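So this one's final_0.txt, compact mmCIF, C-alpha atoms:
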```
# COMPACT_ATOMS: atom_id res chain seq x y z
CA MET A 19 89.18 -35.17 39.27
CA THR A 20 85.99 -37.22 39.61
CA ASP A 21 85.68 -40.83 38.43
CA ARG A 22 83.31 -39.72 35.69
CA ALA A 23 85.77 -37.09 34.48
CA THR A 24 88.59 -39.61 34.59
CA GLU A 25 86.57 -42.04 32.48
CA ALA A 26 85.75 -39.26 30.01
CA VAL A 27 89.41 -38.60 29.17
CA PRO A 28 90.03 -41.81 27.13
CA LEU A 29 86.59 -41.43 25.53
CA ARG A 30 87.42 -37.92 24.35
CA ARG A 31 90.76 -39.20 23.10
CA SER A 32 89.01 -41.97 21.15
CA VAL A 33 86.54 -39.52 19.66
CA ALA A 34 89.34 -37.15 18.65
CA ALA A 35 91.47 -39.89 17.08
CA SER A 36 88.55 -41.36 15.14
CA ALA A 37 87.37 -37.96 13.91
CA MET A 38 90.89 -36.86 13.00
CA GLY A 39 91.47 -39.94 10.89
CA ASN A 40 88.13 -39.55 9.21
CA ALA A 41 88.87 -35.88 8.51
CA THR A 42 92.14 -36.86 6.83
CA GLU A 43 90.33 -39.38 4.65
CA TRP A 44 87.65 -36.96 3.54
CA PHE A 45 90.05 -34.05 3.22
CA ASP A 46 91.17 -35.75 0.02
CA TYR A 47 87.63 -36.01 -1.32
CA GLY A 48 86.95 -32.38 -0.46
CA VAL A 49 90.14 -31.26 -2.20
CA TYR A 50 89.47 -33.46 -5.23
CA ALA A 51 85.97 -31.99 -5.59
CA ALA A 52 87.12 -28.39 -5.13
CA THR A 53 90.04 -28.78 -7.57
CA ALA A 54 88.11 -30.76 -10.21
CA THR A 55 88.45 -28.04 -12.85
CA TYR A 56 92.24 -27.81 -12.28
CA LEU A 57 92.64 -31.59 -12.37
CA THR A 58 90.75 -31.67 -15.65
CA ASP A 59 93.25 -29.26 -17.22
CA ALA A 60 96.25 -31.06 -15.71
CA PHE A 61 95.30 -34.69 -16.41
CA PHE A 62 92.34 -34.89 -18.80
CA PRO A 63 92.62 -32.26 -21.52
CA GLY A 64 90.72 -32.73 -24.77
CA ASP A 65 87.62 -34.83 -25.37
CA LEU A 66 87.41 -36.59 -21.99
CA GLY A 67 87.40 -33.33 -20.02
CA THR A 68 85.25 -33.32 -16.90
CA LEU A 69 84.08 -36.88 -17.49
CA GLY A 70 87.69 -38.01 -17.16
CA THR A 71 88.03 -36.23 -13.83
CA MET A 72 84.77 -37.76 -12.57
CA LEU A 73 86.01 -41.17 -13.76
CA GLY A 74 89.19 -40.58 -11.77
CA PHE A 75 87.00 -39.96 -8.73
CA ALA A 76 84.80 -43.00 -9.32
CA VAL A 77 87.66 -45.43 -9.94
CA SER A 78 88.94 -44.94 -6.40
CA PHE A 79 85.86 -46.86 -5.29
CA VAL A 80 86.64 -49.95 -7.37
CA LEU A 81 88.88 -51.45 -4.69
CA ARG A 82 86.85 -50.27 -1.70
CA PRO A 83 84.91 -53.56 -1.49
CA LEU A 84 88.17 -55.52 -1.75
CA GLY A 85 89.65 -53.28 0.93
CA GLY A 86 86.62 -53.99 3.10
CA MET A 87 87.00 -57.74 2.56
CA VAL A 88 90.65 -57.54 3.63
CA TRP A 89 90.59 -54.95 6.43
CA GLY A 90 87.19 -55.92 7.90
CA PRO A 91 87.98 -59.53 8.86
CA LEU A 92 91.44 -58.41 10.01
CA GLY A 93 89.79 -55.86 12.29
CA ASP A 94 87.47 -58.53 13.72
CA ARG A 95 90.38 -60.91 14.28
CA LEU A 96 93.34 -58.68 15.23
CA GLY A 97 91.54 -55.69 16.68
CA ARG A 98 90.29 -52.29 15.52
CA LYS A 99 93.30 -50.21 16.59
CA ALA A 100 96.05 -51.76 14.44
CA VAL A 101 93.98 -51.65 11.23
CA LEU A 102 92.96 -48.03 11.79
CA ALA A 103 96.56 -46.91 12.30
CA THR A 104 97.64 -48.65 9.08
CA THR A 105 94.84 -47.42 6.80
CA ILE A 106 95.32 -43.76 7.69
CA LEU A 107 99.01 -43.94 6.69
CA LEU A 108 98.15 -45.47 3.32
CA MET A 109 95.49 -42.87 2.68
CA ALA A 110 97.71 -39.91 3.56
CA ALA A 111 100.65 -41.20 1.51
CA ALA A 112 98.52 -41.72 -1.62
CA THR A 113 96.87 -38.32 -1.27
CA GLY A 114 100.19 -36.53 -0.83
CA ALA A 115 101.64 -38.34 -3.85
CA ILE A 116 98.90 -36.87 -6.08
CA GLY A 117 100.40 -33.45 -5.37
CA LEU A 118 103.72 -34.63 -6.84
CA LEU A 119 102.42 -36.17 -10.07
CA PRO A 120 103.56 -34.96 -13.50
CA THR A 121 100.83 -33.54 -15.73
CA HIS A 122 99.50 -34.69 -19.09
CA ALA A 123 101.51 -31.93 -20.77
CA GLN A 124 104.70 -33.36 -19.26
CA VAL A 125 104.33 -37.14 -19.70
CA GLY A 126 101.19 -37.62 -21.78
CA TRP A 127 98.65 -40.28 -20.84
CA PHE A 128 101.02 -41.74 -18.25
CA ALA A 129 99.88 -38.86 -15.99
CA PRO A 130 96.20 -39.86 -15.69
CA VAL A 131 97.26 -43.50 -15.33
CA LEU A 132 99.35 -42.55 -12.28
CA LEU A 133 96.45 -40.51 -10.91
CA VAL A 134 94.08 -43.43 -11.27
CA ALA A 135 96.61 -45.78 -9.62
CA LEU A 136 96.86 -43.54 -6.57
CA ARG A 137 93.08 -43.24 -6.40
CA VAL A 138 92.91 -47.04 -6.33
CA VAL A 139 95.33 -47.13 -3.37
CA GLN A 140 93.13 -44.58 -1.64
CA GLY A 141 90.07 -46.71 -2.30
CA PHE A 142 91.72 -49.84 -0.91
CA SER A 143 92.73 -48.08 2.32
CA THR A 144 89.35 -46.35 2.66
CA GLY A 145 87.70 -49.78 2.48
CA GLY A 146 88.91 -50.39 6.01
CA GLU A 147 89.16 -46.83 7.29
CA TYR A 148 85.59 -45.64 7.65
CA GLY A 149 83.95 -48.85 8.83
CA GLY A 150 86.72 -49.37 11.33
CA ALA A 151 86.53 -45.85 12.73
CA ALA A 152 82.75 -46.05 13.13
CA THR A 153 82.95 -49.51 14.69
CA TYR A 154 85.68 -48.51 17.13
CA LEU A 155 83.85 -45.36 18.19
CA ALA A 156 80.49 -47.12 18.59
CA GLU A 157 82.10 -49.79 20.77
CA THR A 158 83.90 -47.21 22.92
CA CYS A 159 80.99 -44.84 23.59
CA THR A 160 78.44 -45.34 26.36
CA ASP A 161 75.21 -46.92 25.11
CA LYS A 162 72.96 -44.00 26.06
CA ARG A 163 75.19 -41.36 24.39
CA ARG A 164 76.37 -43.31 21.36
CA GLY A 165 74.48 -41.03 18.98
CA PHE A 166 75.97 -37.85 20.41
CA PHE A 167 79.59 -39.01 20.55
CA GLY A 168 79.27 -40.93 17.28
CA SER A 169 78.18 -37.75 15.49
CA PHE A 170 81.68 -36.36 15.94
CA LEU A 171 82.98 -38.94 13.49
CA GLU A 172 80.81 -37.26 10.86
CA PHE A 173 81.95 -33.91 12.24
CA GLY A 174 85.37 -35.11 11.14
CA THR A 175 83.95 -36.09 7.73
CA LEU A 176 82.58 -32.63 7.10
CA GLY A 177 85.66 -31.14 8.73
CA GLY A 178 87.71 -32.85 6.05
CA PHE A 179 85.44 -31.54 3.32
CA VAL A 180 85.45 -28.05 4.85
CA GLY A 181 89.21 -28.16 5.36
CA GLY A 182 89.72 -29.21 1.76
CA SER A 183 87.39 -26.51 0.44
CA ALA A 184 88.88 -23.85 2.73
CA VAL A 185 92.46 -24.64 1.70
CA VAL A 186 91.51 -24.54 -1.98
CA LEU A 187 89.64 -21.25 -1.49
CA ALA A 188 92.62 -19.74 0.35
CA CYS A 189 94.94 -20.83 -2.45
CA GLN A 190 92.58 -19.35 -5.04
CA LEU A 191 92.48 -16.02 -3.24
CA VAL A 192 96.23 -15.87 -2.58
CA LEU A 193 97.63 -17.39 -5.76
CA GLY A 194 95.05 -16.43 -8.34
CA SER A 195 93.49 -18.48 -11.13
CA ASP A 196 96.58 -18.75 -13.37
CA ALA A 197 98.86 -20.04 -10.61
CA MET A 198 96.17 -22.47 -9.42
CA HIS A 199 95.87 -23.99 -12.89
CA ASP A 200 99.65 -24.10 -13.21
CA TRP A 201 100.86 -25.50 -9.88
CA GLY A 202 98.74 -24.22 -6.97
CA TRP A 203 96.32 -27.17 -7.09
CA ARG A 204 99.13 -29.36 -5.73
CA VAL A 205 99.36 -27.58 -2.36
CA PRO A 206 96.12 -28.93 -0.79
CA PHE A 207 97.03 -32.53 -1.67
CA LEU A 208 100.48 -32.21 -0.07
CA LEU A 209 98.92 -31.00 3.19
CA ALA A 210 97.33 -34.44 3.65
CA VAL A 211 100.72 -35.89 4.66
CA PRO A 212 101.16 -34.01 7.99
CA LEU A 213 97.45 -34.49 8.73
CA GLY A 214 97.84 -38.23 8.24
CA LEU A 215 100.88 -38.39 10.51
CA ILE A 216 98.96 -36.61 13.28
CA GLY A 217 96.06 -39.03 12.86
CA TRP A 218 98.40 -42.03 12.91
CA TYR A 219 100.03 -40.81 16.13
CA LEU A 220 96.66 -40.37 17.84
CA ARG A 221 95.39 -43.76 16.74
CA SER A 222 98.55 -45.67 17.60
CA HIS A 223 98.22 -44.49 21.21
CA LEU A 224 94.60 -45.58 21.67
CA ASP A 225 93.43 -48.46 23.83
CA GLU A 226 91.67 -51.32 22.06
CA SER A 227 87.87 -51.29 21.93
CA PRO A 228 86.55 -52.75 25.22
CA VAL A 229 83.67 -54.50 23.43
CA PHE A 230 86.08 -56.24 21.04
CA THR A 231 88.44 -57.17 23.88
CA GLU A 232 85.60 -58.70 25.90
CA VAL A 233 84.49 -60.98 23.07
CA ALA A 234 88.05 -61.82 21.96
CA GLU A 235 88.89 -63.11 25.45
CA GLN A 236 86.01 -65.61 25.46
CA SER A 237 84.79 -68.43 23.24
CA HIS A 238 82.53 -67.03 20.52
CA PRO A 239 81.06 -67.95 17.13
CA LYS A 240 83.37 -67.84 14.15
CA GLY A 241 83.56 -64.58 12.25
CA GLY A 242 84.73 -64.00 8.70
CA LEU A 243 83.02 -63.37 5.39
CA ARG A 244 81.40 -66.81 5.10
CA GLU A 245 79.66 -66.44 8.46
CA LEU A 246 78.64 -62.93 7.50
CA VAL A 247 76.97 -63.74 4.19
CA THR A 248 75.31 -66.95 5.38
CA THR A 249 74.00 -65.89 8.79
CA TYR A 250 73.66 -62.12 8.54
CA ARG A 251 72.36 -61.51 5.00
CA ARG A 252 69.42 -59.43 6.22
CA GLU A 253 71.76 -57.15 8.14
CA VAL A 254 74.16 -56.75 5.19
CA LEU A 255 71.32 -55.96 2.74
CA THR A 256 69.66 -53.54 5.17
CA LEU A 257 72.88 -51.60 5.58
CA ALA A 258 73.59 -51.68 1.83
CA GLY A 259 70.14 -50.25 1.03
CA LEU A 260 70.53 -47.42 3.52
CA VAL A 261 73.99 -46.68 2.11
CA VAL A 262 72.54 -46.27 -1.40
CA ALA A 263 70.50 -43.32 -0.12
CA LEU A 264 73.26 -42.03 2.13
CA ASN A 265 76.02 -41.95 -0.44
CA VAL A 266 74.14 -40.94 -3.57
CA VAL A 267 73.11 -37.85 -1.60
CA ASN A 268 76.58 -37.46 -0.10
CA TYR A 269 78.58 -37.63 -3.31
CA THR A 270 76.03 -35.64 -5.29
CA LEU A 271 75.63 -32.90 -2.71
CA LEU A 272 79.16 -32.65 -1.33
CA THR A 273 81.43 -33.85 -4.14
CA TYR A 274 79.71 -33.28 -7.49
CA GLN A 275 78.13 -29.99 -6.46
CA PRO A 276 81.11 -27.71 -7.28
CA THR A 277 81.32 -29.14 -10.80
CA TYR A 278 77.54 -28.89 -11.18
CA LEU A 279 77.41 -25.26 -10.07
CA GLN A 280 80.30 -24.19 -12.29
CA HIS A 281 79.53 -26.10 -15.48
CA THR A 282 75.73 -26.35 -15.39
CA ILE A 283 74.72 -23.12 -13.65
CA GLY A 284 77.79 -21.03 -14.54
CA MET A 285 78.81 -20.00 -11.01
CA GLY A 286 82.38 -18.73 -10.59
CA GLU A 287 85.15 -20.80 -9.02
CA SER A 288 85.55 -18.76 -5.82
CA ALA A 289 81.79 -18.27 -5.38
CA THR A 290 81.25 -22.03 -5.70
CA THR A 291 83.95 -22.87 -3.15
CA ALA A 292 82.62 -20.23 -0.73
CA MET A 293 79.06 -21.56 -1.08
CA MET A 294 80.17 -25.12 -0.36
CA LEU A 295 82.14 -23.88 2.64
CA ILE A 296 79.14 -22.01 4.12
CA GLY A 297 76.78 -24.95 3.62
CA GLN A 298 79.17 -27.48 5.16
CA LEU A 299 79.86 -25.24 8.18
CA VAL A 300 76.11 -25.03 8.84
CA MET A 301 75.88 -28.82 8.64
CA MET A 302 78.82 -29.23 11.02
CA ALA A 303 77.23 -26.88 13.54
CA VAL A 304 74.06 -28.98 13.86
CA LEU A 305 75.61 -32.46 13.68
CA PRO A 306 76.05 -32.94 17.47
CA PHE A 307 72.48 -31.70 18.05
CA PHE A 308 71.02 -34.33 15.73
CA GLY A 309 73.31 -36.98 17.20
CA ARG A 310 72.09 -36.17 20.71
CA LEU A 311 68.48 -36.11 19.47
CA SER A 312 68.86 -39.65 18.11
CA ASP A 313 69.76 -40.85 21.62
CA SER A 314 66.34 -39.59 22.76
CA VAL A 315 64.00 -40.39 19.87
CA GLY A 316 65.87 -43.30 18.27
CA ARG A 317 67.72 -43.87 15.02
CA ARG A 318 64.74 -45.03 12.94
CA PRO A 319 62.73 -41.76 13.26
CA MET A 320 65.80 -39.75 12.28
CA TRP A 321 66.36 -41.77 9.13
CA LEU A 322 62.66 -41.70 8.21
CA PHE A 323 62.52 -37.90 8.49
CA SER A 324 65.64 -37.49 6.38
CA LEU A 325 64.71 -39.95 3.64
CA VAL A 326 61.19 -38.57 3.22
CA GLY A 327 62.44 -34.97 3.35
CA LEU A 328 65.03 -35.54 0.64
CA ALA A 329 62.57 -37.40 -1.58
CA VAL A 330 60.14 -34.47 -1.34
CA PHE A 331 62.47 -31.46 -1.49
CA ALA A 332 65.39 -32.51 -3.74
CA LEU A 333 63.79 -31.39 -7.02
CA PRO A 334 62.44 -28.03 -5.71
CA MET A 335 65.77 -27.15 -4.08
CA TYR A 336 67.81 -27.97 -7.19
CA TRP A 337 65.46 -25.80 -9.24
CA LEU A 338 66.03 -23.04 -6.66
CA MET A 339 69.81 -23.35 -7.05
CA GLY A 340 69.49 -22.32 -10.67
CA GLN A 341 67.95 -18.97 -9.76
CA GLY A 342 71.17 -17.30 -8.56
CA THR A 343 74.01 -17.49 -6.04
CA GLY A 344 71.93 -16.54 -2.99
CA TRP A 345 69.24 -19.05 -3.87
CA ALA A 346 71.91 -21.68 -4.52
CA ILE A 347 73.23 -21.23 -0.97
CA ALA A 348 69.70 -21.47 0.47
CA GLY A 349 68.87 -24.61 -1.54
CA PHE A 350 72.14 -26.28 -0.59
CA ILE A 351 71.62 -25.54 3.12
CA VAL A 352 68.05 -26.91 3.08
CA LEU A 353 69.18 -30.17 1.47
CA GLY A 354 72.19 -30.32 3.78
CA LEU A 355 69.99 -29.99 6.87
CA LEU A 356 67.66 -32.69 5.57
CA TYR A 357 70.68 -34.93 5.03
CA VAL A 358 72.25 -34.36 8.47
CA PRO A 359 69.87 -36.73 10.38
CA GLN A 360 71.38 -39.56 8.34
CA LEU A 361 74.94 -38.29 8.47
CA SER A 362 74.92 -37.65 12.22
CA THR A 363 73.77 -41.19 13.06
CA ILE A 364 75.92 -43.33 10.75
CA SER A 365 78.37 -44.43 13.41
CA SER A 366 75.62 -45.13 15.93
CA THR A 367 73.29 -46.90 13.46
CA PHE A 368 75.45 -49.01 11.14
CA PRO A 369 77.82 -50.76 13.61
CA ALA A 370 74.80 -51.61 15.78
CA ILE A 371 73.25 -53.60 12.92
CA PHE A 372 75.79 -56.41 13.52
CA PRO A 373 77.03 -58.43 16.51
CA THR A 374 80.61 -57.92 17.69
CA HIS A 375 82.34 -60.89 16.03
CA VAL A 376 81.31 -59.78 12.50
CA ARG A 377 80.76 -56.06 13.12
CA TYR A 378 83.86 -54.66 11.39
CA ALA A 379 83.55 -57.03 8.42
CA GLY A 380 79.79 -56.51 8.12
CA PHE A 381 80.08 -52.75 8.12
CA ALA A 382 83.06 -52.74 5.75
CA LEU A 383 81.53 -55.18 3.24
CA GLY A 384 77.97 -53.81 3.12
CA TYR A 385 79.05 -50.20 3.20
CA ASN A 386 81.83 -50.40 0.62
CA VAL A 387 80.07 -52.57 -1.97
CA SER A 388 77.08 -50.24 -1.95
CA THR A 389 79.29 -47.16 -1.98
CA ALA A 390 81.37 -48.47 -4.89
CA VAL A 391 78.29 -49.13 -7.03
CA PHE A 392 76.18 -46.10 -6.16
CA GLY A 393 78.16 -43.55 -4.16
CA GLY A 394 81.50 -43.19 -5.90
CA THR A 395 79.87 -43.33 -9.32
CA ALA A 396 77.32 -40.59 -8.49
CA PRO A 397 79.38 -37.67 -9.88
CA LEU A 398 80.12 -39.62 -13.06
CA VAL A 399 76.48 -40.68 -13.52
CA ASN A 400 75.23 -37.14 -12.89
CA GLU A 401 77.69 -35.57 -15.32
CA ALA A 402 77.06 -38.15 -18.04
CA ALA A 403 73.27 -37.88 -17.68
CA ILE A 404 73.29 -34.09 -17.89
CA GLU A 405 75.53 -34.15 -20.95
CA ALA A 406 73.36 -36.80 -22.64
CA THR A 407 69.94 -35.32 -21.82
CA GLY A 408 70.59 -31.66 -21.07
CA TRP A 409 68.32 -31.99 -18.01
CA SER A 410 70.01 -29.96 -15.27
CA LEU A 411 67.75 -31.38 -12.54
CA PHE A 412 68.90 -34.97 -13.04
CA PRO A 413 71.04 -34.98 -9.83
CA ALA A 414 67.91 -34.20 -7.81
CA ALA A 415 65.96 -37.01 -9.48
CA TYR A 416 68.85 -39.38 -8.76
CA MET A 417 68.71 -38.39 -5.10
CA VAL A 418 64.95 -39.01 -5.01
CA GLY A 419 65.36 -42.52 -6.44
CA ALA A 420 68.13 -43.33 -3.95
CA SER A 421 66.00 -42.06 -1.05
CA LEU A 422 63.16 -44.39 -2.08
CA ILE A 423 65.57 -47.35 -2.01
CA GLY A 424 66.67 -46.19 1.44
CA LEU A 425 63.05 -46.12 2.61
CA LEU A 426 62.63 -49.75 1.55
CA ALA A 427 65.73 -50.75 3.53
CA TRP A 428 64.54 -48.66 6.49
CA THR A 429 61.56 -50.98 6.96
CA TYR A 430 64.04 -53.74 7.96
CA LEU A 431 66.15 -51.56 10.26
CA ARG A 432 66.02 -52.52 13.95
CA GLU A 433 65.98 -49.80 16.58
CA THR A 434 69.20 -49.92 18.63
CA ALA A 435 69.27 -46.60 20.52
CA GLY A 436 70.41 -47.25 24.09
CA THR A 437 71.04 -50.94 23.37
CA SER A 438 74.29 -52.61 24.39
CA LEU A 439 76.63 -53.62 21.55
CA ARG A 440 78.35 -56.23 23.69
CA GLY A 441 78.22 -59.90 22.86
CA THR A 442 77.50 -62.00 19.82
CA GLU A 443 73.76 -61.47 19.39
CA VAL A 444 72.26 -58.91 16.99
CA PRO A 445 71.43 -55.75 19.00
CA ASP A 446 67.70 -54.96 19.06
CA ALA A 447 66.05 -52.51 21.48
CA ASP A 448 62.62 -54.01 20.86
CA SER A 449 63.60 -57.58 21.76
CA GLY A 450 63.59 -56.88 25.47
CA GLU A 451 66.82 -58.87 25.79
CA LEU A 452 70.41 -57.68 26.15
CA PRO A 453 73.02 -59.17 23.83
CA ILE A 454 75.08 -61.82 25.56
CA VAL A 455 78.64 -63.00 25.19
CA ALA A 456 78.79 -66.59 24.02
CA THR A 457 80.34 -69.04 26.43
CA ALA A 458 82.13 -72.21 25.56
CA ALA A 459 78.83 -74.08 25.80
CA THR A 460 77.03 -71.84 23.31
CA ALA A 461 79.92 -71.16 20.93
CA THR A 462 79.81 -72.87 17.56
```

Is it possible to give me this structure as structure tokens?
Amino acid sequence: MTDRATEAVPLRRSVAASAMGNATEWFDYGVYAATATYLTDAFFPGDLGTLGTMLGFAVSFVLRPLGGMVWGPLGDRLGRKAVLATTILLMAAATGAIGLLPTHAQVGWFAPVLLVALRVVQGFSTGGEYGGAATYLAETCTDKRRGFFGSFLEFGTLGGFVGGSAVVLACQLVLGSDAMHDWGWRVPFLLAVPLGLIGWYLRSHLDESPVFTEVAEQSHPKGGLRELVTTYRREVLTLAGLVVALNVVNYTLLTYQPTYLQHTIGMGESATTAMMLIGQLVMMAVLPFFGRLSDSVGRRPMWLFSLVGLAVFALPMYWLMGQGTGWAIAGFIVLGLLYVPQLSTISSTFPAIFPTHVRYAGFALGYNVSTAVFGGTAPLVNEAAIEATGWSLFPAAYMVGASLIGLLAWTYLRETAGTSLRGTEVPDADSGELPIVATAATAT
């Protein structure tokens, strides 16, 4: 075996472990979205209805910022590996427990309270999961191929969504509608437990990030939240603005869409799940291509293309979705392909915004605060706005507004394609200087 092949083995293992953990995390969100109508019947009968289910989804994001504040600094101080192994266990346990909950018919309003409590646990663990996985992967990949290898983290994201949708579709076809409403909705949630154990095993056997190890072994500036918000405010706000666009589109297009198609357009349960599955598979197929492309053309052009494309085409494609099942699939795929240039470059763009000693905390804080306010609430906002106004194209308008915010943040985004993430200086490909590791003389 050549030296290059030998070096590639741990890299592939790191990519697989990061993607597997991410898939487990987003498997829950995919299942929750695909089973929304069943959860409504089980936990929120009566006046609350779908709004209650969307509230149950949104509340899981309440503790994501707190999770980021806890897990992020821990990851910068103790290392990426230990935090990642812990968060995936918490996530899998909470998801599996949802499948064991009593229903509203059995214990009354105690049932939705338990559901909300488990969603909060999920949110707290996710606050450290995603930022940590992206940070670890970005620091492990080679600089010139960070976009390509980093795209597999999002491959895991969509894999979780696809896995969740596919399991729900299989249960629908095998068990039928009556059994799904009665007890079949529990099966997909229970499957998260073995997935989480596999992810934990993979992550617990990883080596620590070499970039983190290098900085940890030398004198370097202090990290922590105070250093982050006082010295790196531009970086935090830039990331937060990009995440507004990223996650409003994400949670509208990938999470709220089944509810939208069934309740607003009147598409059947199985047809909706199948459409989501087809669209997500197409997105997965092109993710590595866009990741590799970002290594050649840069991250900024990819984000600009995506943000402008979504701002222009969101309204026409949502109108198209209302014209029938075939048109709905076409509209979803077009918007999905416009979204992929963002999705494929998250783990190569966001960690590179920060220097090593605040990278985990910076990603976790900026990402999770923005996601909690705009991303996790997107299904709830969309549903409430449609019910209040009757305007079925509101989700598209919401995506347009979020994309415009993203464009504003994009103007402050530094290009980092091919730039080293080592050291304690902010990476910037246009500076002409490589980041350096602080020595005892330069440390503060």

Please identify every residue of range 232-326 of chain A that has at least one atom no farther than 9 Å from an atom of range 339-362 of chain A, counting all atoms listed in the file, and for each give the shortest atom pair and the distance in Å to one decimal, arranged by chain then increasing number, as JSON lines.
```
{"residue": "A:Leu264", "atom": "CA", "partner": "A:Gln360", "partner_atom": "CA", "distance": 6.9}
{"residue": "A:Val267", "atom": "CA", "partner": "A:Tyr357", "partner_atom": "CA", "distance": 7.6}
{"residue": "A:Asn268", "atom": "CA", "partner": "A:Tyr357", "partner_atom": "CA", "distance": 8.2}
{"residue": "A:Leu271", "atom": "CA", "partner": "A:Phe350", "partner_atom": "CA", "distance": 7.8}
{"residue": "A:Leu272", "atom": "CA", "partner": "A:Gly354", "partner_atom": "CA", "distance": 9.0}
{"residue": "A:Leu279", "atom": "CA", "partner": "A:Met339", "partner_atom": "CA", "distance": 8.4}
{"residue": "A:Thr282", "atom": "CA", "partner": "A:Gly340", "partner_atom": "CA", "distance": 8.8}
{"residue": "A:Ile283", "atom": "CA", "partner": "A:Gly340", "partner_atom": "CA", "distance": 6.1}
{"residue": "A:Met285", "atom": "CA", "partner": "A:Thr343", "partner_atom": "CA", "distance": 7.4}
{"residue": "A:Ala289", "atom": "CA", "partner": "A:Thr343", "partner_atom": "CA", "distance": 7.8}
{"residue": "A:Thr290", "atom": "CA", "partner": "A:Thr343", "partner_atom": "CA", "distance": 8.6}
{"residue": "A:Met293", "atom": "CA", "partner": "A:Ile347", "partner_atom": "CA", "distance": 5.8}
{"residue": "A:Met294", "atom": "CA", "partner": "A:Ile347", "partner_atom": "CA", "distance": 8.0}
{"residue": "A:Ile296", "atom": "CA", "partner": "A:Ile347", "partner_atom": "CA", "distance": 7.8}
{"residue": "A:Gly297", "atom": "CA", "partner": "A:Ile351", "partner_atom": "CA", "distance": 5.2}
{"residue": "A:Gln298", "atom": "CA", "partner": "A:Gly354", "partner_atom": "CA", "distance": 7.7}
{"residue": "A:Val300", "atom": "CA", "partner": "A:Ile351", "partner_atom": "CA", "distance": 7.3}
{"residue": "A:Met301", "atom": "CA", "partner": "A:Leu355", "partner_atom": "CA", "distance": 6.3}
{"residue": "A:Met302", "atom": "CA", "partner": "A:Val358", "partner_atom": "CA", "distance": 8.7}
{"residue": "A:Val304", "atom": "CA", "partner": "A:Val358", "partner_atom": "CA", "distance": 7.8}
{"residue": "A:Leu305", "atom": "CA", "partner": "A:Ser362", "partner_atom": "CA", "distance": 5.4}
{"residue": "A:Pro306", "atom": "CA", "partner": "A:Ser362", "partner_atom": "CA", "distance": 7.1}
{"residue": "A:Phe307", "atom": "CA", "partner": "A:Ser362", "partner_atom": "CA", "distance": 8.7}
{"residue": "A:Phe308", "atom": "CA", "partner": "A:Pro359", "partner_atom": "CA", "distance": 6.0}
{"residue": "A:Gly309", "atom": "CA", "partner": "A:Ser362", "partner_atom": "CA", "distance": 5.3}
{"residue": "A:Ser312", "atom": "CA", "partner": "A:Pro359", "partner_atom": "CA", "distance": 8.3}
{"residue": "A:Arg317", "atom": "CA", "partner": "A:Gln360", "partner_atom": "CA", "distance": 8.8}
{"residue": "A:Met320", "atom": "CA", "partner": "A:Pro359", "partner_atom": "CA", "distance": 5.4}
{"residue": "A:Trp321", "atom": "CA", "partner": "A:Gln360", "partner_atom": "CA", "distance": 5.5}
{"residue": "A:Leu322", "atom": "CA", "partner": "A:Gln360", "partner_atom": "CA", "distance": 9.0}
{"residue": "A:Phe323", "atom": "CA", "partner": "A:Pro359", "partner_atom": "CA", "distance": 7.7}
{"residue": "A:Ser324", "atom": "CA", "partner": "A:Leu356", "partner_atom": "CA", "distance": 5.3}
{"residue": "A:Leu325", "atom": "CA", "partner": "A:Tyr357", "partner_atom": "CA", "distance": 7.9}
```

>> Show me, as an MDAnalysis selection string, the residues that have an atom within 9 Å of Asn386 in chain A when counting all atoms listed in the file, minus same-chain residues fewer than 5 positions from it.
In response: chainID A and resid 79 81:86 144:146 149 258 261 381 391

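Put simply, CA of Leu425 in chain A is 12.9 Å away from CA of Leu255 in chain A.
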
>> From (80.8, -55.1, 14.8), in the file's coordinates, out to 10 Å: which residues are reached, counting all atoms listed in the file? Answer as a ChimeraX atom specification.
In response: /A:90,93-94,98,149-150,152-154,156-157,229-230,368-382,439-442,444

>> Report as a ChimeraX atom specification all protein, DNA and RNA residues lying within 10 Å of Ser36 in chain A, evaluated on all atoms listed in the file, omitting residues in the same chain fewer than 6 positions from it.
In response: /A:30,102,147-148,150-155,168,170-172,174,217,220-221,224

>> If I take CA of Thr389 in chain A and CA of Gly141 in chain A, how far is one from the other in Å, to one decimal?
In response: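 Those two atoms sit 10.8 Å apart.
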
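Closest approach to Ala111 in chain A among A:Ala210, A:Thr58, A:Tyr50, A:Thr175: A:Ala210, based on all atoms listed in the file.
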
Padding of 4 Å on every side, edges along x, y and z, all listed atoms of range 300-319 of chain A included: what centre and edge lengths in Å, to one decimal, does that box have, as JSON?
```
{"center_x": 70.8, "center_y": -35.0, "center_z": 15.7, "size_x": 24.1, "size_y": 28.0, "size_z": 22.1}
```

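With distances taken over all atoms listed in the file, A:Thr53 is the one residue among A:Thr105, A:Thr53, A:Thr158, A:Ser288 lying closest to Gly182 in chain A.
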
>> So, with only C-alpha atoms as the atoms that count, which of A:Leu411, A:Thr104, A:Val254, A:Ala54 lies closest to Leu92 in chain A?
In response: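 Ranking A:Leu411, A:Thr104, A:Val254, A:Ala54 by distance to Leu92 in chain A, first place goes to A:Thr104.
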
> Which distance in Å separates CA of Val131 in chain A and CA of Asp46 in chain A, to one decimal?
Replying inline: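 CA of Asp46 in chain A lies at a distance of 18.2 Å from CA of Val131 in chain A.
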
>> Set the distance at 12 Å and use only C-alpha atoms: which residues neighbour Leu426 in chain A once local chain neighbours fewer than 2 positions away are removed? I'd like the list as number ranges by chain.
In response: A: 255-263, 321-322, 325-326, 419-424, 428-431
